[in-house]
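Heads up, entry.cif below (mmCIF, C-alpha atoms):
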```
data_model
#
loop_
_atom_site.label_atom_id
_atom_site.label_comp_id
_atom_site.auth_asym_id
_atom_site.auth_seq_id
_atom_site.Cartn_x
_atom_site.Cartn_y
_atom_site.Cartn_z
CA MET M 1 -11.75 -5.81 1.49
CA THR M 2 -10.18 -7.31 -1.61
CA ARG M 3 -6.43 -8.00 -1.71
CA GLY M 4 -4.22 -8.24 -4.76
CA ARG M 5 -0.48 -8.70 -5.11
CA PHE M 6 1.79 -7.05 -7.66
CA THR M 7 5.45 -6.94 -8.63
CA PHE M 8 7.55 -4.58 -10.70
CA LEU M 9 11.21 -3.97 -11.37
CA GLY M 10 12.63 -1.69 -8.72
CA ALA M 11 15.58 0.65 -8.49
CA VAL M 12 18.24 -2.05 -8.96
CA ASP M 13 16.27 -4.01 -11.60
CA ALA M 14 15.16 -6.62 -9.09
CA PRO M 15 11.50 -7.55 -8.50
CA VAL M 16 9.76 -5.47 -5.85
CA ALA M 17 6.74 -7.06 -4.16
CA GLY M 18 3.62 -5.17 -3.22
CA ILE M 19 0.10 -5.58 -1.85
CA LEU M 20 -2.90 -3.56 -2.99
CA ASP M 21 -5.91 -3.67 -0.66
CA LEU M 22 -9.21 -2.38 -2.01
CA PRO M 23 -12.31 -1.34 -0.07
CA ASP M 24 -15.65 -3.01 -0.75
CA GLY M 25 -16.95 -0.06 -2.75
CA PRO M 26 -15.34 2.33 -5.23
CA PRO M 27 -12.18 3.74 -3.58
CA ARG M 28 -12.09 7.41 -2.70
CA GLY M 29 -8.41 7.45 -3.72
CA THR M 30 -5.22 5.40 -3.52
CA VAL M 31 -2.56 5.62 -0.82
CA LEU M 32 1.03 4.39 -1.28
CA TYR M 33 2.66 3.37 2.00
CA ALA M 34 6.40 3.14 2.81
CA HIS M 35 7.63 0.99 5.72
CA CYS M 36 10.31 1.76 8.29
CA PHE M 37 14.07 1.14 8.03
CA THR M 38 14.90 -2.57 7.53
CA CYS M 39 11.22 -3.40 8.12
CA SER M 40 8.67 -4.72 5.61
CA LYS M 41 5.20 -4.19 4.25
CA ASP M 42 3.94 -6.82 6.72
CA THR M 43 4.86 -5.15 10.02
CA ILE M 44 2.15 -4.34 12.54
CA ALA M 45 2.35 -0.66 11.66
CA SER M 46 2.22 -1.31 7.91
CA ALA M 47 -0.74 -3.67 8.09
CA ARG M 48 -2.85 -1.75 10.59
CA ILE M 49 -2.31 1.71 9.18
CA CYS M 50 -3.25 0.46 5.73
CA ARG M 51 -6.24 -1.41 7.14
CA ALA M 52 -7.53 1.80 8.73
CA LEU M 53 -7.22 3.55 5.36
CA VAL M 54 -9.12 0.76 3.60
CA ASP M 55 -11.82 0.88 6.28
CA ALA M 56 -12.14 4.60 5.50
CA GLY M 57 -12.71 3.83 1.82
CA PHE M 58 -9.22 4.20 0.37
CA ALA M 59 -7.24 1.73 -1.69
CA ALA M 60 -3.94 1.10 0.11
CA ALA M 61 -0.75 -0.12 -1.58
CA ARG M 62 2.40 -1.11 0.31
CA ILE M 63 5.69 -2.46 -0.95
CA ASP M 64 8.80 -4.13 0.40
CA PHE M 65 11.80 -2.00 -0.48
CA THR M 66 14.47 -3.75 -2.55
CA GLY M 67 16.36 -6.39 -0.56
CA LEU M 68 13.71 -6.65 2.17
CA GLY M 69 10.63 -8.78 2.80
CA GLU M 70 9.42 -10.54 -0.34
CA SER M 71 11.30 -8.25 -2.72
CA GLY M 72 14.35 -9.38 -4.64
CA GLY M 73 17.75 -7.83 -4.82
CA ALA M 74 20.40 -7.49 -2.14
CA PHE M 75 20.11 -4.98 0.69
CA ARG M 76 23.80 -4.17 0.21
CA ASP M 77 22.94 -2.67 -3.20
CA THR M 78 20.35 -0.28 -1.79
CA SER M 79 20.37 3.19 -0.27
CA PHE M 80 17.95 5.89 0.76
CA SER M 81 18.04 7.03 -2.87
CA THR M 82 16.95 3.58 -4.09
CA ASN M 83 14.09 3.66 -1.57
CA ILE M 84 12.90 6.87 -3.17
CA GLU M 85 13.23 5.36 -6.64
CA ASP M 86 11.33 2.24 -5.56
CA LEU M 87 8.44 4.47 -4.48
CA VAL M 88 8.46 6.40 -7.74
CA LEU M 89 8.48 3.17 -9.73
CA ALA M 90 5.71 1.73 -7.53
CA ALA M 91 3.58 4.79 -8.24
CA GLU M 92 4.16 4.38 -11.97
CA HIS M 93 3.22 0.71 -11.79
CA LEU M 94 0.07 1.46 -9.80
CA ALA M 95 -0.90 4.12 -12.34
CA GLY M 96 -0.69 1.43 -15.00
CA LEU M 97 -3.12 -0.64 -12.93
CA GLY M 98 -5.55 2.28 -12.77
CA ALA M 99 -4.69 3.02 -9.13
CA ALA M 100 -2.33 5.99 -9.32
CA PRO M 101 -1.54 7.08 -5.73
CA GLU M 102 -2.87 10.44 -4.66
CA LEU M 103 -1.58 10.25 -1.08
CA LEU M 104 1.74 9.05 0.33
CA VAL M 105 2.16 7.68 3.86
CA GLY M 106 5.44 6.59 5.43
CA HIS M 107 6.70 5.30 8.77
CA SER M 108 10.07 6.35 10.23
CA LEU M 109 12.64 6.31 7.41
CA GLY M 110 9.72 5.53 5.11
CA GLY M 111 8.25 8.84 6.24
CA ALA M 112 11.41 10.61 5.15
CA ALA M 113 11.23 8.70 1.85
CA VAL M 114 7.68 9.84 1.07
CA LEU M 115 8.62 13.45 1.85
CA ALA M 116 11.56 13.17 -0.55
CA SER M 117 9.69 11.30 -3.30
CA ALA M 118 6.47 13.36 -3.40
CA GLU M 119 7.81 15.87 -5.92
CA HIS M 120 8.71 13.04 -8.29
CA ILE M 121 5.27 11.36 -8.30
CA ARG M 122 2.65 12.90 -10.54
CA GLY M 123 -0.77 13.50 -9.02
CA VAL M 124 0.16 13.32 -5.33
CA ARG M 125 -2.08 15.62 -3.30
CA GLY M 126 -0.87 15.03 0.25
CA VAL M 127 1.79 13.36 2.41
CA ALA M 128 1.53 11.89 5.91
CA THR M 129 4.38 10.62 8.06
CA VAL M 130 4.61 8.64 11.28
CA ALA M 131 7.75 9.00 13.42
CA ALA M 132 9.74 10.51 10.55
CA PRO M 133 13.27 11.77 11.30
CA TYR M 134 14.23 15.38 10.68
CA THR M 135 17.41 14.21 8.98
CA VAL M 136 18.33 10.79 7.59
CA THR M 137 21.92 11.29 8.72
CA ALA M 138 20.60 10.28 12.14
CA LEU M 139 20.94 6.71 10.86
CA HIS M 140 24.70 7.08 11.24
CA ARG M 141 24.31 6.19 14.93
CA HIS M 142 23.48 2.61 13.93
CA PHE M 143 26.84 2.25 12.19
CA THR M 144 29.16 4.01 14.64
CA ALA M 145 30.94 0.85 15.80
CA GLN M 146 31.50 -0.32 12.22
CA ARG M 147 32.10 3.07 10.59
CA ALA M 148 35.90 2.72 10.35
CA ARG M 149 35.57 -0.70 8.76
CA ILE M 150 32.89 0.53 6.33
CA GLU M 151 35.18 3.35 5.21
CA ARG M 152 38.23 1.10 5.03
CA ASP M 153 36.73 -2.02 3.42
CA GLY M 154 33.76 -0.49 1.61
CA GLU M 155 31.21 -2.43 3.65
CA ALA M 156 30.50 -4.16 6.95
CA ASP M 157 27.82 -6.38 8.44
CA VAL M 158 25.79 -4.40 10.96
CA PRO M 159 23.26 -5.98 13.37
CA LEU M 160 19.92 -4.33 12.58
CA ALA M 161 16.47 -5.46 13.69
CA GLY M 162 17.94 -8.67 15.09
CA ARG M 163 19.83 -9.73 11.97
CA PRO M 164 23.06 -8.76 10.22
CA LEU M 165 22.70 -6.54 7.15
CA THR M 166 25.52 -5.38 4.91
CA ILE M 167 25.94 -1.62 5.01
CA THR M 168 28.16 -0.17 2.30
CA ARG M 169 30.21 2.98 2.10
CA ALA M 170 27.89 4.13 -0.70
CA PHE M 171 24.84 3.66 1.56
CA VAL M 172 26.38 5.75 4.33
CA HIS M 173 27.56 8.52 2.02
CA ASP M 174 24.20 8.63 0.22
CA LEU M 175 22.49 9.63 3.46
CA ASP M 176 24.50 12.85 3.50
CA THR M 177 23.08 13.95 0.14
CA HIS M 178 19.47 14.26 1.35
CA ASP M 179 17.84 17.20 3.11
CA ILE M 180 14.47 16.02 4.44
CA ALA M 181 13.56 19.39 5.96
CA ALA M 182 14.07 21.01 2.55
CA SER M 183 11.83 18.35 0.99
CA ALA M 184 9.12 19.16 3.53
CA ALA M 185 9.51 22.88 2.88
CA HIS M 186 9.09 22.42 -0.88
CA LEU M 187 6.02 20.17 -0.77
CA GLY M 188 3.34 22.72 -1.53
CA MET M 189 0.57 20.30 -0.50
CA PRO M 190 -1.16 19.20 2.72
CA VAL M 191 1.18 17.37 5.08
CA LEU M 192 0.51 15.52 8.33
CA PHE M 193 3.12 14.57 10.93
CA VAL M 194 2.12 11.90 13.48
CA HIS M 195 4.55 11.19 16.29
CA ALA M 196 4.52 9.36 19.62
CA LEU M 197 5.24 11.48 22.67
CA GLY M 198 7.39 8.68 24.10
CA ASP M 199 9.32 7.80 20.93
CA ARG M 200 12.85 6.91 22.09
CA GLU M 201 14.26 6.24 18.62
CA VAL M 202 13.21 9.44 16.87
CA PRO M 203 12.30 12.17 19.37
CA LEU M 204 9.19 14.32 19.08
CA ALA M 205 11.49 17.28 18.45
CA ASP M 206 12.14 15.86 14.96
CA ALA M 207 8.44 16.09 14.10
CA GLU M 208 8.29 19.61 15.53
CA ARG M 209 11.23 20.69 13.37
CA LEU M 210 9.72 19.11 10.25
CA TYR M 211 6.41 20.81 11.05
CA ALA M 212 8.17 24.16 11.40
CA ALA M 213 9.90 23.66 8.05
CA ALA M 214 6.76 22.63 6.16
CA ARG M 215 4.39 25.02 4.44
CA GLU M 216 0.66 25.29 5.16
CA PRO M 217 -1.60 23.40 5.19
CA LYS M 218 0.13 21.26 7.78
CA GLU M 219 -0.77 19.40 10.94
CA LEU M 220 1.10 17.74 13.80
CA VAL M 221 -0.70 15.13 15.90
CA THR M 222 0.89 13.33 18.85
CA LEU M 223 0.20 9.83 20.10
CA ASP M 224 0.08 9.36 23.86
CA GLY M 225 2.93 8.02 25.92
CA THR M 226 1.95 4.36 25.53
CA ALA M 227 2.95 4.38 21.83
CA ASN M 228 6.52 3.50 20.86
CA HIS M 229 8.51 4.16 17.70
CA LEU M 230 7.49 0.96 15.89
CA LEU M 231 3.85 1.25 17.05
CA THR M 232 3.94 -2.28 18.45
CA ARG M 233 2.07 -1.42 21.66
CA PRO M 234 -1.57 -2.60 21.61
CA GLY M 235 -3.82 -0.24 19.65
CA SER M 236 -1.18 2.34 18.73
CA ALA M 237 -0.80 1.41 15.05
CA ALA M 238 -4.56 1.31 14.53
CA ARG M 239 -4.87 4.66 16.30
CA ALA M 240 -2.24 6.20 14.03
CA GLY M 241 -4.08 4.71 11.06
CA ARG M 242 -7.39 6.29 12.09
CA ILE M 243 -5.70 9.68 12.51
CA ILE M 244 -4.20 9.43 9.04
CA ALA M 245 -7.49 8.21 7.54
CA ARG M 246 -9.41 11.18 8.99
CA TRP M 247 -6.77 13.55 7.63
CA ALA M 248 -6.78 11.84 4.22
CA ALA M 249 -10.56 12.19 3.97
CA GLY M 250 -10.16 15.95 4.22
CA VAL M 251 -7.39 16.38 1.62
CA ASP M 252 -8.78 18.11 -1.47
#
```

What is this structure when it is put down as structure tokens?
Amino acid sequence: MTRGRFTFLGAVDAPVAGILDLPDGPPRGTVLYAHCFTCSKDTIASARICRALVDAGFAAARIDFTGLGESGGAFRDTSFSTNIEDLVLAAEHLAGLGAAPELLVGHSLGGAAVLASAEHIRGVRGVATVAAPYTVTALHRHFTAQRARIERDGEADVPLAGRPLTITRAFVHDLDTHDIAASAAHLGMPVLFVHALGDREVPLADAERLYAAAREPKELVTLDGTANHLLTRPGSAARAGRIIARWAAGVD
């Protein structure tokens, strides 16, 4: 495997950092991966899912969304809409490198983002999600205690993933403008939903509802009860990666 790093200007004109891993031989296609909410391209799930794709012969690109990981910009200036725009801009940058993504893969909120961005990225032939929510408005539960302050003051610091992040009124209201089920229904390309049976953050019912909304060809694969939402249990991220890699190999 060969690894390269790239940067481009993202949705808020700040540098977005990415990694492009290449297989030893000519790649059978390029995958663009989107990480989970407030996560990064370097999480266990990100690294191991992309590694499984590279092992299967694909080039795998992953980015840090604006304001997270190694990317510039402030998280307070981002939203679900800027996540989508970051992915579109990443795809354009990769196309300029001769590695235009043909498949999109996303974890949790990143799964929702790839469903929403697919129609805006030329040449995409399939989308796979892991633990994607049926609706991004489900994120509101993370801000319940601070919601009044967010509405009153325009922003508030919210403890997320063990650190405080500034959530703005614009971020919260932006969530209400997106219909992920409608995005899935309009795809018109192969789609795979992978979901852990024991996911306590985003229930399996969300995957079942997304599957019901999506058009054929579609597939829903469950991970056994040892897997959690973030795929941090031993072997679960690699297992999800192998499932996605097998599916990707069959996408025409």

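Candidate residues M:Pro190, M:Gly198, M:Gly98, M:Pro23 were compared for distance to Leu230 of chain M, and the nearest is M:Gly198, using all atoms listed in the file.
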
Got a sec: who's within 12 Å of segment 154-165 of chain M, counting all atoms listed in the file, leaving out chain neighbours fewer than 2 positions off, as JSON, numbers by chain? {"M": [36, 37, 38, 39, 40, 67, 68, 74, 75, 76, 77, 78, 139, 140, 141, 142, 143, 144, 145, 146, 147, 148, 149, 150, 151, 152, 167, 168, 169, 170, 171, 172, 173, 230]}

Any chance you could work out the residue set of the PyMOL selection byres ((chain M and resi 104) around 9) here, as a ChimeraX atom specification? /M:30-34,101-103,105-106,111,114-115,118,124-129

Would you translate the PyMOL selection byres ((chain M and resi 21) around 7) into the concrete set of residues it matches in this file, as a short mmCIF file (atom, residue, chain, number, x, y, z; two decimals) with C-alpha atoms, in the coordinates of the input?
```cif
data_model
loop_
_atom_site.label_atom_id
_atom_site.label_comp_id
_atom_site.auth_asym_id
_atom_site.auth_seq_id
_atom_site.Cartn_x
_atom_site.Cartn_y
_atom_site.Cartn_z
CA MET M 1 -11.75 -5.81 1.49
CA THR M 2 -10.18 -7.31 -1.61
CA ARG M 3 -6.43 -8.00 -1.71
CA GLY M 4 -4.22 -8.24 -4.76
CA ILE M 19 0.10 -5.58 -1.85
CA LEU M 20 -2.90 -3.56 -2.99
CA LEU M 22 -9.21 -2.38 -2.01
CA PRO M 23 -12.31 -1.34 -0.07
CA VAL M 54 -9.12 0.76 3.60
CA ALA M 59 -7.24 1.73 -1.69
CA ALA M 60 -3.94 1.10 0.11
CA ALA M 61 -0.75 -0.12 -1.58
#
```

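Counting all atoms listed in the file and comparing M:Arg5, M:Gly57, M:Leu97, M:Ile84, the residue that lies closest to Asp24 of chain M is M:Gly57.
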
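Separating atom CA of Pro234 of chain M from atom CA of Glu201 of chain M is a distance of 18.4 Å.
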
Restricting to only C-alpha atoms, whichever of M:Ala132, M:Met189, M:Asp176, M:Pro27 is closest to Phe80 of chain M is M:Asp176

Do you know which residues the PyMOL selection byres ((chain M and resi 247) around 10) returns on this file, as a compact mmCIF listing (two decimals) with C-alpha atoms, in the frame of the given file?
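And here's expr29.txt as it stands now:
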```txt
# COMPACT_ATOMS: atom_id res chain seq x y z
CA GLY M 126 -0.87 15.03 0.25
CA ALA M 128 1.53 11.89 5.91
CA PRO M 190 -1.16 19.20 2.72
CA VAL M 191 1.18 17.37 5.08
CA LEU M 192 0.51 15.52 8.33
CA GLU M 219 -0.77 19.40 10.94
CA GLY M 241 -4.08 4.71 11.06
CA ARG M 242 -7.39 6.29 12.09
CA ILE M 243 -5.70 9.68 12.51
CA ILE M 244 -4.20 9.43 9.04
CA ALA M 245 -7.49 8.21 7.54
CA ARG M 246 -9.41 11.18 8.99
CA ALA M 248 -6.78 11.84 4.22
CA ALA M 249 -10.56 12.19 3.97
CA GLY M 250 -10.16 15.95 4.22
CA VAL M 251 -7.39 16.38 1.62
```

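For the pair atom CA of Arg51 of chain M and atom CA of His35 of chain M, the interatomic distance is 14.1 Å.
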
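Each of M:Gly10, M:Gly110, M:Gly18, M:Gly235 was checked against Pro133 of chain M using all atoms listed in the file; the smallest atom-to-atom distance is that of M:Gly110.
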
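When all atoms listed in the file are used to compute distances to Ser46 of chain M, the closest of the residues M:Ala116, M:Leu175, M:Val130, M:Ala205 turns out to be M:Val130.
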
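Nearest-residue note for Thr177 of chain M: choosing from M:Thr226, M:Ser81, M:Ser71, M:Thr66, the minimum distance belongs to M:Ser81, counting all atoms listed in the file.
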
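Every protein, DNA or RNA residue with an atom at most 7 Å from segment 43-45 of chain M, where only C-alpha atoms count and chain neighbours fewer than 5 positions away do not, is listed here: Leu230, Leu231, Thr232 and Ala237 of chain M.
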
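Residues in contact with Gly225 of chain M at up to 10 Å, not including ones fewer than 3 positions away on its chain and judged by only C-alpha atoms, are Ala196, Leu197, Gly198, Asp199, Thr222 and Asn228 of chain M.
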
Please, could N, CA and C atoms be added to segment 177-210 of chain M and the result written as an mmCIF file, in the frame of the given file?
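As a result, part15.cif now contains:
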```cif
data_model
loop_
_atom_site.group_PDB
_atom_site.id
_atom_site.type_symbol
_atom_site.label_atom_id
_atom_site.label_comp_id
_atom_site.auth_asym_id
_atom_site.auth_seq_id
_atom_site.Cartn_x
_atom_site.Cartn_y
_atom_site.Cartn_z
ATOM 1 N N THR M 177 23.492 13.154 1.308
ATOM 2 C CA THR M 177 23.080 13.950 0.140
ATOM 3 C C THR M 177 21.621 14.383 0.216
ATOM 4 N N HIS M 178 20.912 13.984 1.275
ATOM 5 C CA HIS M 178 19.470 14.260 1.350
ATOM 6 C C HIS M 178 19.146 15.247 2.464
ATOM 7 N N ASP M 179 18.290 16.193 2.157
ATOM 8 C CA ASP M 179 17.840 17.200 3.110
ATOM 9 C C ASP M 179 16.324 17.056 3.259
ATOM 10 N N ILE M 180 15.887 16.332 4.276
ATOM 11 C CA ILE M 180 14.470 16.020 4.440
ATOM 12 C C ILE M 180 13.670 17.277 4.804
ATOM 13 N N ALA M 181 14.254 18.147 5.609
ATOM 14 C CA ALA M 181 13.560 19.390 5.960
ATOM 15 C C ALA M 181 13.290 20.228 4.711
ATOM 16 N N ALA M 182 14.258 20.270 3.798
ATOM 17 C CA ALA M 182 14.070 21.010 2.550
ATOM 18 C C ALA M 182 12.964 20.370 1.721
ATOM 19 N N SER M 183 12.906 19.042 1.709
ATOM 20 C CA SER M 183 11.830 18.350 0.990
ATOM 21 C C SER M 183 10.479 18.731 1.564
ATOM 22 N N ALA M 184 10.373 18.768 2.892
ATOM 23 C CA ALA M 184 9.120 19.160 3.530
ATOM 24 C C ALA M 184 8.757 20.599 3.193
ATOM 25 N N ALA M 185 9.755 21.457 3.161
ATOM 26 C CA ALA M 185 9.510 22.880 2.880
ATOM 27 C C ALA M 185 9.031 23.114 1.455
ATOM 28 N N HIS M 186 9.409 22.227 0.529
ATOM 29 C CA HIS M 186 9.090 22.420 -0.880
ATOM 30 C C HIS M 186 7.820 21.689 -1.311
ATOM 31 N N LEU M 187 7.150 21.007 -0.387
ATOM 32 C CA LEU M 187 6.020 20.170 -0.770
ATOM 33 C C LEU M 187 4.922 20.913 -1.510
ATOM 34 N N GLY M 188 4.426 21.984 -0.908
ATOM 35 C CA GLY M 188 3.340 22.720 -1.530
ATOM 36 C C GLY M 188 2.035 21.947 -1.576
ATOM 37 N N MET M 189 1.805 21.090 -0.592
ATOM 38 C CA MET M 189 0.570 20.300 -0.500
ATOM 39 C C MET M 189 0.317 19.975 0.959
ATOM 40 N N PRO M 190 -0.893 19.538 1.319
ATOM 41 C CA PRO M 190 -1.160 19.200 2.720
ATOM 42 C C PRO M 190 -0.199 18.134 3.244
ATOM 43 N N VAL M 191 0.254 18.324 4.467
ATOM 44 C CA VAL M 191 1.180 17.370 5.080
ATOM 45 C C VAL M 191 0.786 17.159 6.534
ATOM 46 N N LEU M 192 0.849 15.901 6.959
ATOM 47 C CA LEU M 192 0.510 15.520 8.330
ATOM 48 C C LEU M 192 1.717 14.825 8.949
ATOM 49 N N PHE M 193 2.059 15.228 10.165
ATOM 50 C CA PHE M 193 3.120 14.570 10.930
ATOM 51 C C PHE M 193 2.476 13.944 12.169
ATOM 52 N N VAL M 194 2.609 12.623 12.305
ATOM 53 C CA VAL M 194 2.120 11.900 13.480
ATOM 54 C C VAL M 194 3.341 11.386 14.221
ATOM 55 N N HIS M 195 3.358 11.574 15.537
ATOM 56 C CA HIS M 195 4.550 11.190 16.290
ATOM 57 C C HIS M 195 4.167 10.838 17.722
ATOM 58 N N ALA M 196 4.770 9.785 18.244
ATOM 59 C CA ALA M 196 4.520 9.360 19.620
ATOM 60 C C ALA M 196 5.278 10.245 20.602
ATOM 61 N N LEU M 197 4.599 10.651 21.659
ATOM 62 C CA LEU M 197 5.240 11.480 22.670
ATOM 63 C C LEU M 197 6.438 10.766 23.291
ATOM 64 N N GLY M 198 6.331 9.432 23.439
ATOM 65 C CA GLY M 198 7.390 8.680 24.100
ATOM 66 C C GLY M 198 8.341 7.980 23.151
ATOM 67 N N ASP M 199 8.430 8.432 21.913
ATOM 68 C CA ASP M 199 9.320 7.800 20.930
ATOM 69 C C ASP M 199 10.776 7.975 21.376
ATOM 70 N N ARG M 200 11.464 6.858 21.629
ATOM 71 C CA ARG M 200 12.850 6.910 22.090
ATOM 72 C C ARG M 200 13.851 6.771 20.947
ATOM 73 N N GLU M 201 13.381 6.390 19.776
ATOM 74 C CA GLU M 201 14.260 6.240 18.620
ATOM 75 C C GLU M 201 14.387 7.546 17.846
ATOM 76 N N VAL M 202 13.255 8.148 17.563
ATOM 77 C CA VAL M 202 13.210 9.440 16.870
ATOM 78 C C VAL M 202 12.397 10.373 17.766
ATOM 79 N N PRO M 203 13.017 11.339 18.403
ATOM 80 C CA PRO M 203 12.300 12.170 19.370
ATOM 81 C C PRO M 203 11.235 13.055 18.733
ATOM 82 N N LEU M 204 10.268 13.431 19.534
ATOM 83 C CA LEU M 204 9.190 14.320 19.080
ATOM 84 C C LEU M 204 9.742 15.604 18.487
ATOM 85 N N ALA M 205 10.892 16.043 18.969
ATOM 86 C CA ALA M 205 11.490 17.280 18.450
ATOM 87 C C ALA M 205 11.717 17.202 16.941
ATOM 88 N N ASP M 206 11.963 15.995 16.401
ATOM 89 C CA ASP M 206 12.140 15.860 14.960
ATOM 90 C C ASP M 206 10.860 16.231 14.217
ATOM 91 N N ALA M 207 9.721 15.755 14.716
ATOM 92 C CA ALA M 207 8.440 16.090 14.100
ATOM 93 C C ALA M 207 8.168 17.587 14.211
ATOM 94 N N GLU M 208 8.514 18.167 15.348
ATOM 95 C CA GLU M 208 8.290 19.610 15.530
ATOM 96 C C GLU M 208 9.139 20.419 14.559
ATOM 97 N N ARG M 209 10.359 19.971 14.303
ATOM 98 C CA ARG M 209 11.230 20.690 13.370
ATOM 99 C C ARG M 209 10.755 20.511 11.930
ATOM 100 N N LEU M 210 10.283 19.319 11.590
ATOM 101 C CA LEU M 210 9.720 19.110 10.250
ATOM 102 C C LEU M 210 8.461 19.956 10.067
#
```
